[in-house]
Amino acid sequence: MTRNRTRSSYDAYAAPRAATRVCDHPDCVAAGEYRAPKSRSSLNEYWWFCLDHVREYNRAWDYYAGMSTDQIEAEVRSDTTWQRPSWPLGKWATQERFIRDRVVNGFSFEFGQDTGKTKDEEKAHRRHHARTDEEKALAVLELTPPVDFTRIKARYRELAKKHHPDANGGDKAAEERLKEINQAYNTLKACYAA
């Protein structure tokens with residue numbers, strides 16, 4: 001059984017649409033097909049011009065007209081971050097770590113630490129007396145055996161976040177320390193994760 005379909009005519013779509021707007025330029029009766037913003041303060045309100053007048057309007061358009069050099073510079077800087085507030089990476093993390101260290105070590109001693117050695121001296125002592133590559137890697141990650149891989153991985157992530165150059169304002173010493181941490185983690189991963 002075949003069904004006869006009625007065919008739609010697309011002639012209505014092929015015909016050009018009648019212009020609904022007239023050019024907003026004085027004494028022009030051409031179709032206003034092209035929009036242009038009215039001013040910097042009202043970018044969502046438009047003038048509608050014909051092609052010749054929109055070209056003329058665009059040639060004369062100056063978004064920064066009436067602004068001082070400092071205002072233009074502030075506007076350009078604001079546009080680089082899409083008018084959103086911004087601050088340097090790493091500054092807050094560095095400041096937070098500094099405050100936390102001052103609170104924890106405020107009295108210049110820690111419980112369980114030998115009073116004759118500083119924290120750095122104790123770490124250096126552990127690194128110096130490590131014999132195997134695994135012991136050296138554990139010393140770099142500041143871990144003591146026995147440890148499992150989940151503890152190694154957690155400590156690696158903690159130290160990687162702490163010493164990442166983006167978190168330390170591009171500090172070269174932190175970058176070198178991160179390289180040591182990565183190498184130690186790869187050594188331990190080969191031993192423990194297998």
# chains A, B, ... in the order shown; residues from 1 in each chain; ligands from 1

$ residues_around --residues "Leu178 in chain A" --least-positions-apart "5" --cutoff "7 Å" --atoms "only C-alpha atoms" --output "PyMOL selection string"
chain A and resi 160+163-164

$ write_last_selection --atoms "C-alpha atoms" --output "short mmCIF file (atom, residue, chain, number, x, y, z; two decimals), in the first residue's frame"
data_model
loop_
_atom_site.label_atom_id
_atom_site.label_comp_id
_atom_site.auth_asym_id
_atom_site.auth_seq_id
_atom_site.Cartn_x
_atom_site.Cartn_y
_atom_site.Cartn_z
CA ALA A 160 55.45 17.21 45.42
CA HIS A 163 58.02 21.75 46.59
CA HIS A 164 56.32 22.36 43.23
#

$ residues_around --residues "Glu180 in chain A" --least-positions-apart "5" --cutoff "9 Å" --atoms "only C-alpha atoms" --output "list in words"
Ala137, Val140, Glu175 and Tyr185 of chain A

$ residues_around --residues "Val54 in chain A" --least-positions-apart "2" --cutoff "10 Å" --atoms "only C-alpha atoms" --output "mmCIF file with C-alpha atoms, in the first residue's frame"
data_model
loop_
_atom_site.group_PDB
_atom_site.id
_atom_site.type_symbol
_atom_site.label_atom_id
_atom_site.label_comp_id
_atom_site.auth_asym_id
_atom_site.auth_seq_id
_atom_site.Cartn_x
_atom_site.Cartn_y
_atom_site.Cartn_z
ATOM 1 C CA CYS A 23 19.213 52.528 8.474
ATOM 2 C CA ASP A 24 19.604 54.651 11.637
ATOM 3 C CA HIS A 25 21.864 57.140 9.862
ATOM 4 C CA GLY A 32 19.494 48.593 8.315
ATOM 5 C CA GLU A 33 20.927 45.076 8.257
ATOM 6 C CA TYR A 34 24.152 45.590 10.241
ATOM 7 C CA ARG A 35 24.304 46.356 13.934
ATOM 8 C CA ALA A 36 26.864 48.441 15.781
ATOM 9 C CA TRP A 47 22.358 51.126 15.956
ATOM 10 C CA TRP A 48 21.232 49.421 12.752
ATOM 11 C CA PHE A 49 22.982 50.645 9.623
ATOM 12 C CA CYS A 50 23.252 49.842 5.962
ATOM 13 C CA LEU A 51 26.591 48.472 4.763
ATOM 14 C CA ASP A 52 28.070 51.852 3.786
ATOM 15 C CA GLU A 56 31.824 54.520 8.212
ATOM 16 C CA TYR A 57 30.718 54.049 11.849
ATOM 17 C CA ASN A 58 33.288 51.293 12.457
ATOM 18 C CA ARG A 59 36.113 53.406 11.011
ATOM 19 C CA ALA A 60 35.300 56.181 13.474
#

$ atom_distance --atom1 "CA of Arg131 in chain A" --atom2 "CA of Asn182 in chain A"
19.3 Å

$ atom_distance --atom1 "CA of Thr187 in chain A" --atom2 "CA of Ile152 in chain A"
11.0 Å

$ residues_around --residues "Glu134 in chain A" --least-positions-apart "6" --cutoff "9 Å" --atoms "only C-alpha atoms" --output "list in words"
Ala184, Thr187, Leu188 and Cys191 of chain A

$ write_last_selection --atoms "all heavy atoms" --output "JSON list (two decimals), in the first residue's frame"
[["chain", "number", "residue", "atom", "x", "y", "z"],
["A", 184, "ALA", "N", 63.57, 9.82, 43.71],
["A", 184, "ALA", "CA", 63.42, 8.90, 44.83],
["A", 184, "ALA", "C", 62.12, 8.11, 44.72],
["A", 184, "ALA", "O", 62.09, 6.89, 44.96],
["A", 184, "ALA", "CB", 63.45, 9.67, 46.15],
["A", 187, "THR", "N", 62.48, 5.37, 42.17],
["A", 187, "THR", "CA", 63.27, 4.26, 42.71],
["A", 187, "THR", "C", 62.42, 3.37, 43.60],
["A", 187, "THR", "O", 62.42, 2.13, 43.47],
["A", 187, "THR", "CB", 64.47, 4.81, 43.51],
["A", 187, "THR", "OG1", 65.27, 5.62, 42.66],
["A", 187, "THR", "CG2", 65.30, 3.69, 44.09],
["A", 188, "LEU", "N", 61.64, 4.00, 44.49],
["A", 188, "LEU", "CA", 60.81, 3.22, 45.41],
["A", 188, "LEU", "C", 59.65, 2.54, 44.70],
["A", 188, "LEU", "O", 59.24, 1.44, 45.08],
["A", 188, "LEU", "CB", 60.31, 4.12, 46.53],
["A", 188, "LEU", "CG", 61.39, 4.63, 47.49],
["A", 188, "LEU", "CD1", 60.83, 5.64, 48.45],
["A", 188, "LEU", "CD2", 62.04, 3.46, 48.22],
["A", 191, "CYS", "N", 60.73, -0.69, 43.37],
["A", 191, "CYS", "CA", 60.95, -1.72, 44.40],
["A", 191, "CYS", "C", 59.64, -2.20, 45.05],
["A", 191, "CYS", "O", 59.46, -3.39, 45.25],
["A", 191, "CYS", "CB", 61.85, -1.16, 45.51],
["A", 191, "CYS", "SG", 63.49, -0.74, 44.95]]

$ decode --residues "range 141-159 of chain A" --atoms "N, CA, C and O atoms" --output "CSV table (one decimal), in the first residue's frame"
chain,number,residue,atom,x,y,z
A,141,LEU,N,62.5,11.1,50.9
A,141,LEU,CA,61.1,11.2,51.1
A,141,LEU,C,60.8,11.4,52.6
A,141,LEU,O,59.6,11.5,53.0
A,142,GLU,N,61.8,11.4,53.4
A,142,GLU,CA,61.8,11.5,54.9
A,142,GLU,C,60.9,10.4,55.5
A,142,GLU,O,60.0,10.7,56.4
A,143,LEU,N,61.1,9.2,55.1
A,143,LEU,CA,60.4,8.0,55.6
A,143,LEU,C,61.4,7.1,56.2
A,143,LEU,O,62.5,7.0,55.9
A,144,THR,N,60.9,6.3,57.2
A,144,THR,CA,61.7,5.3,57.8
A,144,THR,C,61.0,3.9,57.6
A,144,THR,O,59.8,3.9,57.7
A,145,PRO,N,61.8,2.9,57.4
A,145,PRO,CA,61.2,1.6,57.2
A,145,PRO,C,60.6,1.1,58.6
A,145,PRO,O,61.1,1.5,59.6
A,146,PRO,N,59.6,0.2,58.6
A,146,PRO,CA,58.9,-0.4,57.4
A,146,PRO,C,57.8,0.5,56.9
A,146,PRO,O,57.1,1.2,57.6
A,147,VAL,N,57.7,0.6,55.6
A,147,VAL,CA,56.7,1.4,54.9
A,147,VAL,C,56.1,0.5,53.8
A,147,VAL,O,56.7,-0.4,53.3
A,148,ASP,N,54.8,0.9,53.4
A,148,ASP,CA,54.2,0.2,52.3
A,148,ASP,C,54.1,1.2,51.2
A,148,ASP,O,54.3,2.4,51.4
A,149,PHE,N,53.7,0.8,50.0
A,149,PHE,CA,53.6,1.7,48.8
A,149,PHE,C,52.6,2.8,49.0
A,149,PHE,O,52.8,3.9,48.5
A,150,THR,N,51.5,2.5,49.6
A,150,THR,CA,50.5,3.5,49.8
A,150,THR,C,51.0,4.7,50.6
A,150,THR,O,50.7,5.9,50.3
A,151,ARG,N,51.8,4.4,51.7
A,151,ARG,CA,52.4,5.5,52.5
A,151,ARG,C,53.5,6.2,51.7
A,151,ARG,O,53.6,7.4,51.7
A,152,ILE,N,54.2,5.5,50.8
A,152,ILE,CA,55.2,6.2,50.0
A,152,ILE,C,54.5,7.1,49.0
A,152,ILE,O,54.9,8.2,48.8
A,153,LYS,N,53.5,6.6,48.4
A,153,LYS,CA,52.7,7.4,47.4
A,153,LYS,C,52.1,8.7,48.1
A,153,LYS,O,52.2,9.8,47.5
A,154,ALA,N,51.6,8.5,49.3
A,154,ALA,CA,51.0,9.6,50.0
A,154,ALA,C,52.0,10.7,50.3
A,154,ALA,O,51.8,11.9,50.2
A,155,ARG,N,53.2,10.2,50.8
A,155,ARG,CA,54.3,11.1,51.1
A,155,ARG,C,54.8,11.8,49.9
A,155,ARG,O,55.2,13.0,49.9
A,156,TYR,N,54.9,11.1,48.8
A,156,TYR,CA,55.4,11.7,47.5
A,156,TYR,C,54.4,12.8,47.1
A,156,TYR,O,54.9,13.9,46.8
A,157,ARG,N,53.2,12.6,47.1
A,157,ARG,CA,52.2,13.6,46.7
A,157,ARG,C,52.3,14.8,47.7
A,157,ARG,O,52.2,16.0,47.2
A,158,GLU,N,52.4,14.6,48.9
A,158,GLU,CA,52.6,15.7,49.9
A,158,GLU,C,53.8,16.5,49.6
A,158,GLU,O,53.7,17.8,49.5
A,159,LEU,N,54.9,15.9,49.4
A,159,LEU,CA,56.2,16.6,49.1
A,159,LEU,C,56.1,17.3,47.7
A,159,LEU,O,56.7,18.4,47.6
